[in-house]
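Text of protein-v3.cif, listed as mmCIF, C-alpha atoms and all ligand atoms:
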data_start
loop_
_atom_site.label_atom_id
_atom_site.label_comp_id
_atom_site.auth_asym_id
_atom_site.auth_seq_id
_atom_site.Cartn_x
_atom_site.Cartn_y
_atom_site.Cartn_z
CA MET A 1 -64.77 -14.09 -87.18
CA LEU A 2 -67.81 -12.33 -88.55
CA LYS A 3 -70.81 -11.88 -86.27
CA THR A 4 -74.11 -11.18 -88.00
CA LYS A 5 -77.85 -11.69 -87.48
CA ILE A 6 -77.49 -15.04 -89.23
CA THR A 7 -74.63 -16.35 -87.06
CA GLU A 8 -76.57 -15.22 -83.99
CA MET A 9 -79.93 -16.59 -85.12
CA PHE A 10 -78.58 -20.06 -85.84
CA GLY A 11 -75.65 -20.18 -83.41
CA ILE A 12 -73.16 -20.88 -86.22
CA ASN A 13 -69.59 -19.68 -86.72
CA HIS A 14 -69.79 -18.28 -90.24
CA PRO A 15 -72.50 -16.37 -92.16
CA ILE A 16 -72.33 -18.79 -95.08
CA ALA A 17 -74.99 -21.25 -96.20
CA SER A 18 -74.98 -23.87 -98.90
CA ALA A 19 -77.77 -23.32 -101.41
CA ALA A 20 -80.76 -25.55 -102.03
CA MET A 21 -79.88 -27.54 -105.14
CA GLY A 22 -82.72 -29.88 -105.88
CA PRO A 23 -83.34 -32.13 -107.64
CA PHE A 24 -79.76 -33.08 -106.82
CA ARG A 25 -78.91 -34.69 -103.51
CA THR A 26 -76.74 -32.47 -101.31
CA ASN A 27 -76.38 -34.50 -98.09
CA ASP A 28 -72.59 -34.81 -97.99
CA LEU A 29 -72.23 -31.18 -98.96
CA CYS A 30 -74.67 -30.23 -96.20
CA ILE A 31 -72.67 -32.21 -93.66
CA ALA A 32 -69.37 -30.64 -94.76
CA VAL A 33 -70.81 -27.10 -94.57
CA SER A 34 -72.33 -27.71 -91.13
CA GLU A 35 -69.09 -29.26 -89.89
CA ALA A 36 -67.15 -26.23 -91.16
CA GLY A 37 -69.35 -23.90 -89.08
CA GLY A 38 -71.73 -22.80 -91.84
CA LEU A 39 -75.39 -23.52 -92.49
CA GLY A 40 -75.83 -26.74 -94.49
CA MET A 41 -78.81 -27.46 -96.73
CA ILE A 42 -80.70 -30.64 -97.62
CA SER A 43 -82.26 -30.13 -101.03
CA HIS A 44 -85.77 -30.96 -102.24
CA THR A 45 -85.12 -34.19 -104.10
CA ASN A 46 -86.34 -37.71 -104.56
CA VAL A 47 -82.79 -39.00 -104.36
CA SER A 48 -81.59 -40.22 -100.97
CA SER A 49 -78.27 -41.74 -99.98
CA LYS A 50 -79.92 -45.06 -100.88
CA GLY A 51 -80.73 -44.04 -104.48
CA PHE A 52 -84.03 -42.97 -106.06
CA GLU A 53 -87.08 -43.02 -103.80
CA SER A 54 -90.67 -43.50 -104.88
CA ASN A 55 -91.67 -40.27 -103.21
CA TYR A 56 -90.20 -37.04 -101.91
CA VAL A 57 -91.27 -37.69 -98.31
CA ASP A 58 -89.25 -40.91 -97.99
CA ALA A 59 -86.25 -39.21 -99.57
CA MET A 60 -86.48 -36.21 -97.22
CA LYS A 61 -86.75 -38.41 -94.12
CA LYS A 62 -83.77 -40.53 -95.18
CA ASN A 63 -81.75 -37.43 -96.01
CA LEU A 64 -82.53 -35.81 -92.65
CA ASP A 65 -81.59 -39.01 -90.80
CA TYR A 66 -78.36 -39.38 -92.77
CA VAL A 67 -77.27 -35.80 -92.20
CA VAL A 68 -78.07 -35.68 -88.48
CA GLU A 69 -76.21 -38.95 -88.01
CA HIS A 70 -73.05 -37.47 -89.53
CA THR A 71 -72.87 -34.01 -88.01
CA ASP A 72 -73.55 -32.14 -84.79
CA GLY A 73 -73.72 -28.89 -86.76
CA ILE A 74 -76.71 -26.78 -87.79
CA PHE A 75 -78.50 -27.29 -91.10
CA GLY A 76 -81.78 -26.92 -92.92
CA PHE A 77 -84.00 -28.27 -95.66
CA ASN A 78 -85.72 -26.85 -98.73
CA VAL A 79 -89.24 -27.37 -100.03
CA ARG A 80 -90.21 -25.83 -103.36
CA THR A 81 -93.79 -24.71 -102.84
CA SER A 82 -94.76 -24.34 -106.48
CA ARG A 83 -98.30 -25.58 -107.13
CA VAL A 84 -96.97 -28.13 -109.60
CA GLU A 85 -94.71 -29.84 -107.08
CA PRO A 86 -96.07 -33.31 -106.28
CA GLY A 87 -97.40 -33.72 -102.69
CA MET A 88 -95.82 -30.54 -101.42
CA ASP A 89 -98.19 -30.04 -98.45
CA LYS A 90 -97.66 -33.65 -97.40
CA LEU A 91 -93.91 -33.12 -97.67
CA ILE A 92 -94.10 -30.12 -95.32
CA SER A 93 -96.29 -32.03 -92.84
CA GLU A 94 -94.31 -35.25 -92.82
CA THR A 95 -90.95 -33.46 -92.66
CA SER A 96 -92.14 -31.35 -89.71
CA LYS A 97 -93.44 -34.42 -87.87
CA HIS A 98 -90.23 -36.33 -88.57
CA ILE A 99 -88.12 -33.51 -87.09
CA MET A 100 -90.48 -33.23 -84.09
CA ARG A 101 -90.01 -36.92 -83.25
CA ASN A 102 -86.19 -36.80 -83.13
CA PRO A 103 -84.68 -34.53 -80.40
CA LYS A 104 -81.31 -34.34 -82.21
CA LEU A 105 -83.01 -33.22 -85.42
CA ARG A 106 -85.07 -30.72 -83.44
CA GLU A 107 -81.86 -29.22 -82.06
CA GLN A 108 -79.90 -29.12 -85.29
CA CYS A 109 -82.35 -28.73 -88.16
CA LEU A 110 -83.14 -25.07 -87.61
CA TYR A 111 -83.49 -23.67 -91.11
CA ALA A 112 -86.66 -24.32 -93.13
CA LEU A 113 -86.36 -22.77 -96.56
CA THR A 114 -89.24 -22.59 -99.01
CA SER A 115 -88.92 -21.33 -102.56
CA ALA A 116 -90.37 -21.19 -106.08
CA GLY A 117 -93.95 -20.80 -104.86
CA SER A 118 -96.04 -19.40 -102.04
CA ALA A 119 -94.32 -18.18 -98.86
CA ARG A 120 -97.49 -19.04 -96.91
CA ARG A 121 -97.57 -22.82 -97.48
CA MET A 122 -95.16 -23.61 -94.66
CA PRO A 123 -96.39 -21.18 -91.96
CA GLU A 124 -100.00 -22.22 -92.69
CA ASN A 125 -99.21 -25.89 -92.23
CA LYS A 126 -100.40 -27.19 -88.80
CA ASP A 127 -97.51 -29.65 -88.41
CA PHE A 128 -94.95 -26.98 -89.19
CA GLN A 129 -96.69 -24.63 -86.72
CA LYS A 130 -96.31 -27.29 -84.03
CA LEU A 131 -92.63 -27.71 -84.87
CA ARG A 132 -92.11 -23.94 -84.81
CA GLU A 133 -93.67 -23.74 -81.34
CA ASN A 134 -91.49 -26.56 -80.03
CA SER A 135 -88.08 -25.75 -81.52
CA GLN A 136 -85.89 -22.86 -82.59
CA ILE A 137 -86.55 -23.52 -86.29
CA LYS A 138 -86.68 -20.44 -88.51
CA HIS A 139 -88.61 -20.13 -91.73
CA PHE A 140 -87.01 -18.30 -94.68
CA HIS A 141 -88.42 -17.93 -98.18
CA VAL A 142 -86.62 -17.04 -101.40
CA ALA A 143 -87.43 -13.48 -102.54
CA PRO A 144 -86.30 -12.80 -106.12
CA ALA A 145 -88.21 -9.48 -106.43
CA LEU A 146 -89.34 -6.72 -104.08
CA TRP A 147 -93.04 -7.57 -104.40
CA LEU A 148 -92.19 -11.18 -103.49
CA ALA A 149 -90.28 -9.95 -100.44
CA ASP A 150 -93.50 -8.11 -99.46
CA LYS A 151 -95.33 -11.45 -99.60
CA CYS A 152 -92.66 -13.17 -97.47
CA VAL A 153 -92.88 -10.46 -94.82
CA ALA A 154 -96.70 -10.65 -94.87
CA ALA A 155 -96.45 -14.44 -94.44
CA GLY A 156 -94.43 -13.93 -91.24
CA CYS A 157 -91.10 -15.28 -92.50
CA ASP A 158 -88.18 -15.05 -90.07
CA GLY A 159 -85.88 -14.18 -92.94
CA LEU A 160 -85.40 -13.84 -96.68
CA VAL A 161 -83.05 -15.36 -99.20
CA VAL A 162 -82.51 -12.43 -101.55
CA ASN A 163 -81.92 -14.22 -104.81
CA GLY A 164 -80.46 -12.27 -107.72
CA PHE A 165 -80.83 -13.19 -111.37
CA GLU A 166 -77.10 -13.99 -111.61
CA GLY A 167 -77.69 -17.18 -109.68
CA GLY A 168 -77.68 -20.75 -110.90
CA GLY A 169 -80.73 -22.94 -111.26
CA HIS A 170 -84.33 -21.90 -110.85
CA GLN A 171 -84.85 -18.17 -111.37
CA ALA A 172 -87.76 -15.75 -111.20
CA TYR A 173 -89.58 -14.36 -114.21
CA GLU A 174 -88.83 -10.85 -112.80
CA ARG A 175 -85.14 -11.11 -113.84
CA VAL A 176 -83.83 -8.61 -111.24
CA GLY A 177 -80.07 -8.57 -110.55
CA GLY A 178 -78.85 -9.15 -107.00
CA VAL A 179 -77.35 -5.70 -106.41
CA PRO A 180 -80.50 -3.60 -107.09
CA LEU A 181 -82.64 -6.25 -105.40
CA LEU A 182 -80.61 -6.22 -102.20
CA GLN A 183 -80.74 -2.41 -102.09
CA GLN A 184 -84.51 -2.35 -102.63
CA ILE A 185 -85.20 -4.97 -99.98
CA GLN A 186 -82.72 -3.49 -97.51
CA LYS A 187 -84.34 -0.06 -97.85
CA LYS A 188 -87.86 -1.39 -97.29
CA TYR A 189 -87.06 -4.09 -94.71
CA PRO A 190 -83.83 -3.07 -92.92
CA ASP A 191 -84.47 -5.29 -89.88
CA ILE A 192 -85.42 -8.68 -91.29
CA ALA A 193 -82.61 -11.26 -91.59
CA LYS A 194 -81.34 -11.58 -95.15
CA ILE A 195 -79.18 -14.16 -96.88
CA ALA A 196 -77.96 -12.92 -100.27
CA ALA A 197 -77.76 -15.52 -103.05
CA GLY A 198 -76.74 -15.56 -106.69
CA GLY A 199 -73.28 -14.67 -107.88
CA PHE A 200 -71.40 -15.19 -104.61
CA ALA A 201 -68.32 -17.38 -104.57
CA ASN A 202 -65.60 -15.69 -102.51
CA GLY A 203 -64.72 -13.22 -99.75
CA THR A 204 -65.14 -10.16 -101.96
CA GLY A 205 -68.71 -11.25 -102.60
CA LEU A 206 -69.35 -11.89 -98.92
CA ALA A 207 -67.99 -8.43 -98.01
CA LEU A 208 -70.13 -6.85 -100.71
CA ALA A 209 -73.27 -8.57 -99.43
CA LEU A 210 -72.61 -7.64 -95.79
CA ALA A 211 -71.83 -4.03 -96.70
CA ALA A 212 -75.11 -3.82 -98.62
CA GLY A 213 -77.18 -4.99 -95.66
CA ALA A 214 -77.26 -8.78 -96.00
CA ASP A 215 -76.47 -10.88 -92.94
CA GLY A 216 -74.88 -13.72 -94.85
CA ILE A 217 -74.58 -15.39 -98.24
CA SER A 218 -75.70 -18.64 -99.75
CA MET A 219 -73.58 -20.28 -102.46
CA GLY A 220 -74.55 -22.95 -104.95
CA SER A 221 -72.09 -23.15 -107.84
CA ARG A 222 -69.11 -22.52 -105.53
CA PHE A 223 -70.04 -25.53 -103.40
CA ILE A 224 -70.75 -27.79 -106.39
CA ALA A 225 -67.03 -27.35 -107.13
CA SER A 226 -66.02 -28.69 -103.72
CA ILE A 227 -64.34 -31.96 -102.90
CA GLU A 228 -67.15 -33.15 -100.63
CA SER A 229 -70.20 -32.36 -102.79
CA GLU A 230 -71.82 -35.42 -104.34
CA PHE A 231 -72.12 -33.82 -107.80
CA HIS A 232 -70.55 -35.80 -110.66
CA LYS A 233 -66.83 -35.21 -111.26
CA ASN A 234 -67.64 -33.97 -114.79
CA TYR A 235 -70.04 -31.37 -113.31
CA LYS A 236 -67.38 -30.09 -110.93
CA GLU A 237 -64.76 -29.94 -113.65
CA ILE A 238 -66.84 -27.64 -115.85
CA ILE A 239 -66.55 -24.87 -113.26
CA PRO A 240 -62.91 -23.75 -112.79
CA PRO A 241 -62.19 -23.09 -116.50
CA ALA A 242 -65.67 -21.60 -117.17
CA LYS A 243 -66.25 -17.88 -117.75
CA ALA A 244 -69.04 -15.77 -116.22
CA GLN A 245 -70.69 -15.50 -119.65
CA ASP A 246 -70.91 -19.27 -120.07
CA THR A 247 -74.43 -19.51 -118.63
CA ILE A 248 -77.78 -18.93 -120.31
CA VAL A 249 -81.30 -18.44 -118.95
CA LYS A 250 -84.05 -20.42 -120.62
CA THR A 251 -87.71 -20.89 -119.92
CA GLY A 252 -87.59 -24.55 -120.69
CA ASN A 253 -89.53 -27.62 -119.74
CA LEU A 254 -88.60 -27.07 -116.10
CA SER A 255 -89.56 -23.39 -115.70
CA ILE A 256 -86.99 -20.57 -115.88
CA ILE A 257 -83.50 -21.81 -115.21
CA ARG A 258 -79.96 -20.42 -115.44
CA MET A 259 -77.73 -23.15 -116.74
CA TRP A 260 -74.43 -23.81 -118.41
CA ARG A 261 -74.23 -23.27 -122.17
CA ASN A 262 -74.14 -26.71 -123.71
CA ARG A 263 -75.75 -28.53 -126.59
CA TYR A 264 -79.03 -28.88 -124.67
CA SER A 265 -79.38 -25.28 -123.49
CA THR A 266 -78.38 -23.68 -126.80
CA ALA A 267 -80.60 -25.90 -128.97
CA LYS A 268 -83.63 -24.40 -130.68
CA GLY A 269 -87.12 -25.36 -129.51
CA LEU A 270 -86.35 -25.52 -125.80
CA ILE A 271 -88.73 -22.71 -124.94
CA LYS A 272 -92.11 -23.62 -123.48
CA SER A 273 -94.68 -21.26 -122.06
CA LYS A 274 -95.55 -21.33 -118.35
CA GLU A 275 -99.04 -22.63 -119.27
CA GLU A 276 -97.62 -25.46 -121.40
CA LYS A 277 -95.30 -26.41 -118.58
CA ILE A 278 -98.08 -26.47 -115.98
CA ALA A 279 -100.33 -28.57 -118.28
CA GLU A 280 -97.49 -31.02 -118.85
CA GLU A 281 -96.74 -31.32 -115.13
CA GLN A 282 -100.38 -31.93 -114.32
CA ALA A 283 -100.66 -34.70 -116.92
CA LEU A 284 -97.54 -36.28 -115.42
CA LEU A 285 -98.94 -36.13 -111.88
CA LYS A 286 -102.16 -37.81 -113.07
CA LYS A 287 -100.18 -40.58 -114.75
CA ARG A 288 -98.00 -41.12 -111.67
CA ALA A 289 -100.94 -41.25 -109.27
CA VAL A 290 -101.78 -44.80 -110.39
CA MET A 291 -98.24 -46.21 -110.54
CA SER A 292 -96.76 -48.78 -108.15
CA GLU A 293 -93.81 -47.87 -105.91
CA GLU A 294 -91.31 -49.70 -108.12
CA GLU A 295 -92.75 -48.21 -111.31
CA LEU A 296 -92.58 -44.76 -109.74
CA LYS A 297 -88.94 -45.14 -108.71
CA GLU A 298 -88.05 -46.18 -112.26
CA GLU A 299 -90.12 -43.36 -113.73
CA TYR A 300 -88.41 -40.80 -111.47
CA ARG A 301 -85.00 -42.18 -112.35
CA LYS A 302 -85.66 -42.05 -116.10
CA ASP A 303 -87.15 -38.57 -115.87
CA PHE A 304 -84.20 -37.34 -113.82
CA ILE A 305 -81.62 -38.76 -116.22
CA LYS A 306 -83.50 -37.39 -119.23
CA ASN A 307 -83.49 -33.83 -117.90
CA TYR A 308 -80.31 -34.02 -115.84
CA ALA A 309 -78.00 -36.25 -117.88
CA ILE A 310 -75.16 -34.59 -115.93
CA TYR A 311 -76.19 -36.76 -112.98
CA GLU A 312 -74.45 -39.61 -114.78
CA GLY A 313 -71.68 -37.40 -116.15
CA ASP A 314 -73.09 -36.42 -119.57
CA VAL A 315 -72.37 -32.67 -119.75
CA GLU A 316 -74.10 -32.01 -123.10
CA SER A 317 -77.53 -33.68 -123.24
CA GLY A 318 -79.41 -32.08 -120.36
CA ILE A 319 -79.72 -29.19 -117.92
CA VAL A 320 -76.55 -28.25 -116.04
CA PRO A 321 -77.69 -25.55 -113.59
CA LEU A 322 -74.90 -23.06 -112.80
CA GLY A 323 -74.67 -19.35 -112.01
CA GLN A 324 -72.53 -16.50 -113.31
CA SER A 325 -70.38 -16.98 -110.22
CA ILE A 326 -68.59 -19.75 -112.15
CA GLY A 327 -66.53 -16.91 -113.62
CA VAL A 328 -64.77 -16.33 -110.30
CA ILE A 329 -64.29 -19.94 -109.19
CA GLU A 330 -60.76 -21.08 -109.99
CA SER A 331 -60.44 -24.52 -108.43
CA ILE A 332 -62.18 -27.42 -106.76
CA GLU A 333 -61.47 -27.10 -103.04
CA SER A 334 -62.56 -28.57 -99.73
CA VAL A 335 -65.63 -27.01 -98.12
CA SER A 336 -63.67 -25.91 -95.04
CA ASP A 337 -61.03 -24.19 -97.22
CA ILE A 338 -63.77 -22.44 -99.23
CA ILE A 339 -65.52 -21.18 -96.09
CA ASN A 340 -62.39 -20.19 -94.17
CA LYS A 341 -60.91 -18.35 -97.13
CA CYS A 342 -64.19 -16.61 -97.81
CA VAL A 343 -64.40 -15.30 -94.25
CA LYS A 344 -60.74 -14.27 -94.11
CA ASP A 345 -60.91 -12.43 -97.43
CA ALA A 346 -64.20 -10.76 -96.48
CA GLU A 347 -62.58 -9.47 -93.29
CA ILE A 348 -59.68 -8.05 -95.33
CA SER A 349 -62.08 -6.40 -97.80
CA LEU A 350 -64.28 -4.92 -95.08
CA LYS A 351 -61.27 -3.56 -93.15
CA LYS A 352 -59.79 -2.09 -96.32
CA ALA A 353 -63.11 -0.45 -97.21
CA SER A 354 -63.40 1.08 -93.75
CA ASN A 355 -60.08 2.91 -94.42
CA TYR A 356 -61.91 5.02 -96.99
CA ILE A 357 -63.74 6.74 -94.16
CA VAL A 358 -61.84 9.83 -92.99
C1 LIG B 401 -77.82 -27.27 -109.41
C2 LIG B 401 -78.73 -26.24 -108.81
C3 LIG B 401 -79.98 -26.63 -108.37
C4 LIG B 401 -80.82 -25.69 -107.75
N1 LIG B 401 -82.04 -26.10 -107.23
C5 LIG B 401 -82.75 -25.27 -106.42
C6 LIG B 401 -83.88 -25.75 -105.68
O1 LIG B 401 -84.25 -26.91 -105.73
N2 LIG B 401 -84.51 -24.85 -104.87
C7 LIG B 401 -84.12 -23.55 -104.76
O2 LIG B 401 -84.72 -22.79 -104.00
N3 LIG B 401 -83.06 -23.08 -105.47
C8 LIG B 401 -82.36 -23.91 -106.27
N4 LIG B 401 -81.23 -23.45 -106.92
C9 LIG B 401 -80.78 -22.05 -106.70
C10 LIG B 401 -79.79 -22.01 -105.53
O3 LIG B 401 -80.45 -22.29 -104.33
C11 LIG B 401 -79.06 -20.66 -105.40
O4 LIG B 401 -79.98 -19.63 -105.32
C12 LIG B 401 -78.08 -20.42 -106.54
O5 LIG B 401 -77.26 -21.53 -106.75
C13 LIG B 401 -77.22 -19.22 -106.22
O6 LIG B 401 -76.37 -18.91 -107.28
P1 LIG B 401 -74.84 -19.41 -107.40
O7 LIG B 401 -74.94 -20.76 -108.04
O8 LIG B 401 -74.20 -18.41 -108.23
O9 LIG B 401 -74.29 -19.51 -106.02
C14 LIG B 401 -80.40 -24.36 -107.59
C15 LIG B 401 -79.14 -23.97 -108.08
C16 LIG B 401 -78.30 -24.90 -108.68
C17 LIG B 401 -76.94 -24.46 -109.15
#
In C-alpha cells, how does this file's structure come out?
Amino acid sequence: MLKTKITEMFGINHPIASAAMGPFRTNDLCIAVSEAGGLGMISHTNVSSKGFESNYVDAMKKNLDYVVEHTDGIFGFNVRTSRVEPGMDKLISETSKHIMRNPKLREQCLYALTSAGSARRMPENKDFQKLRENSQIKHFHVAPALWLADKCVAAGCDGLVVNGFEGGGHQAYERVGGVPLLQQIQKKYPDIAKIAAGGFANGTGLALALAAGADGISMGSRFIASIESEFHKNYKEIIPPAKAQDTIVKTGNLSIIRMWRNRYSTAKGLIKSKEEKIAEEQALLKKRAVMSEEELKEEYRKDFIKNYAIYEGDVESGIVPLGQSIGVIESIESVSDIINKCVKDAEISLKKASNYIV
C-alpha cells in the first residue's frame, strides 16, 4: 500500500486517478477505477449512458446518477472552464446543486476538477461554494505551467493536476514537459497536493512521480486501453502496438491537442490560430442558441462524429487523442490489474531506489 496526501485527502486505497477525457464518456471507466480503490473521473461531455444529450448539464446529471448508482467508491467530475465552452457557469451551478441534493453523491463525489480555462470559475460560483461548505469536496485545477500553478494557488485550489506536455488530449500552449514542470511546482509549492499527469502508465512512472514530490498520478491513455473503458475497440487496439513517437501535437480546430498520428492529424491545413478558433466557436454558439432540443442533439452528434470519427471506430478521419505514454502500454488489461500492478511495481521501484542511500 502507498499512503500519500491524495489517499488521505480522499480516503482511497491507491494514489491513482483516471484522467478527464471529454468529450468522451468515461462513466464505466470511472466506476471501475473507484471500485478498484482509485479516484474515478466523470468527463465533461454531452454524451450520457443514454446517448447524446441536448446540453452538458443533462449529460452531467445523468452521468453522476449512473456512476453513484454503480459504485460506493470515491470519484470526481471535470468541467473545462475555457471561455468558449457553452454554458460553463450553468454547468458548475447545476452540477453543484445536483450533488448537494443527493446525500450519496455528496459522500462520494469528492473531486471537482477544472481545466483548460480559469481556476477561479469554480471557487467563485455560489452553488459550488455552498457544496464546498457542506461536503468534503476538493477543488483541483490543471496546471500545465508554473505561472498557471500560481493562478491555481491564488484561486484557493485544494490541489493541482500537474500536466506535462507528454500527455494525451488538450495541452497548454506553454509546451512544458512533465519532469521540469513537476520540479518547478514542487520547489515553489511543496505543501499543496499534486497529481502528476501526462506520460504515466505503469509503476515506474508512479514511483518517479512520488519521488519527485507528487502525491499521485492520473492516467488517460493507459485507462483507454482497459477492458472496462467505454472507448471503441478500435481505439483501444491502437495502443499496445503503438510507439511513444506515434503522437503529434497540433493546434487544430479544437485548440492544442496531442493525438495519434493518422491521416487526419498529419494532413496539411489543420492548423488554425487561437483567434480563428474562438471566432468559429462563438459563431457556433450563436447558431445553437436558437435550436430546438432535438435539433441540438443531432447537431452535437454530427459535430462529435465529424471531429471524433474514432467514436464510431474510424481511426483515420478524425482526432484520436493519445499521449506519449502509449509507448509503454503493452496490452489491454482490466482496471484492477492495471492499478494493482502499478502500485506493486511502484513499491518495488521505490524500495530499490532507497537502497542507493548509504
Ligand atoms: C481522449 C482524451 C480526452 C481528454 N479530454 C480532456 C478533457 O476533457 N479535460 C481535461 O482536463 N483533460 C483532457 N485530457 C487530458 C487528460 O486528462 C490527461 O491529462 C492525459 O490523458 C494524460 O496523459 P496520458 O494520456 O499520457 O495519461 C484528455 C486526454 C485524452 C487522452
If you count only C-alpha atoms and all ligand atoms, which residues end up within 7 Å of ligand LIG 401 (chain B), as number ranges by chain? A: 19-24, 43-44, 78, 80, 114-116, 142, 163, 166-170, 197-201, 218-222, 320-326
Can you tell me which residues surround A:Cys109 at a distance of at most 9 Å, considering all atoms listed in the file, apart from same-chain residues fewer than 6 positions away, and format the answer as number ranges by chain? A: 64, 68, 73-77, 99, 136-137
Quick one: distance from atom CA of A:Asn202 to atom CA of A:Asn13 in Å, one decimal?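 Going from atom CA of A:Asn202 over to atom CA of A:Asn13 covers 16.8 Å.
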For atom CA of A:Glu275 and atom CA of A:Ile248, determine how far apart the two atoms are, in Å to one decimal place.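 These atoms are spaced 21.6 Å apart.
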Contacts of stretch 328-337 of chain A within 7 Å, all atoms listed in the file, excl. fewer than 6 positions in-chain, as a list in words: Ala32, Val33, Ala36, Ala201, Arg222, Ala225, Ser226, Ile227, Glu228, Ile239, Pro240 and Pro241 of chain A
Atom CA of A:Asp150 to atom CA of A:Arg120: how many Å, to one decimal? 11.9 Å
Minimum-distance residue to A:Ser255, chosen among A:Ala309, A:Ala155, A:Ile278, A:Cys30 (using all atoms listed in the file):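 Among A:Ala309, A:Ala155, A:Ile278, A:Cys30, it is A:Ile278 that comes nearest to A:Ser255.
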Considering only C-alpha atoms, return as a list in words whatever protein or nucleic-acid residues lie within 12 Å of A:Val57, sequence-local ones (same chain, fewer than 5 positions apart) excluded. His44, Thr45, Asn46, Val47, Ser48, Phe52, Lys62, Asn63, Leu64, Val79, Pro86, Gly87, Met88, Asp89, Lys90, Leu91, Ile92, Ser93, Glu94, Thr95, Ser96, Lys97 and His98 of chain A
Between A:Asn234, A:Ser349, A:Asn134, A:Asn27, which residue has the minimum interatomic distance to A:Glu312, considering all atoms listed in the file? A:Asn234
List the spatial neighbours of A:Thr266 as a list in words - criterion: any atom at most 12 Å away, only C-alpha atoms, same-chain residues fewer than 4 positions off excluded.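 Listed by chain and then number, they are Asp246, Thr247, Ile248, Val249, Lys250, Thr251, Gly252, Arg258, Met259, Trp260, Arg261, Asn262, Leu270, Ile271, Glu316, Ser317, Gly318, Ile319 and Val320 of chain A.
By chain and then residue number, the residues within 6 Å of stretch 345-347 of chain A are Gly203, Thr204, Leu206, Ala207 and Lys341 of chain A, counting all atoms listed in the file and disregarding those fewer than 4 positions away in sequence.
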Closest to A:Pro103 among A:Leu131, A:Leu296, A:Ala145, A:Ile192, using all atoms listed in the file? A:Leu131
Looking at all atoms listed in the file, which of A:Tyr189, A:Ile357, A:Gln282, A:Ala112 is the one that sits closest to A:Phe128?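 Between A:Tyr189, A:Ile357, A:Gln282, A:Ala112, the residue approaching A:Phe128 most closely is A:Ala112.
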Nearest residue to A:Ala242 out of A:Gly327, A:Leu182, A:Arg106, A:Gly213, using only C-alpha atoms?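 Among the listed residues, the smallest separation from A:Ala242 belongs to A:Gly327.
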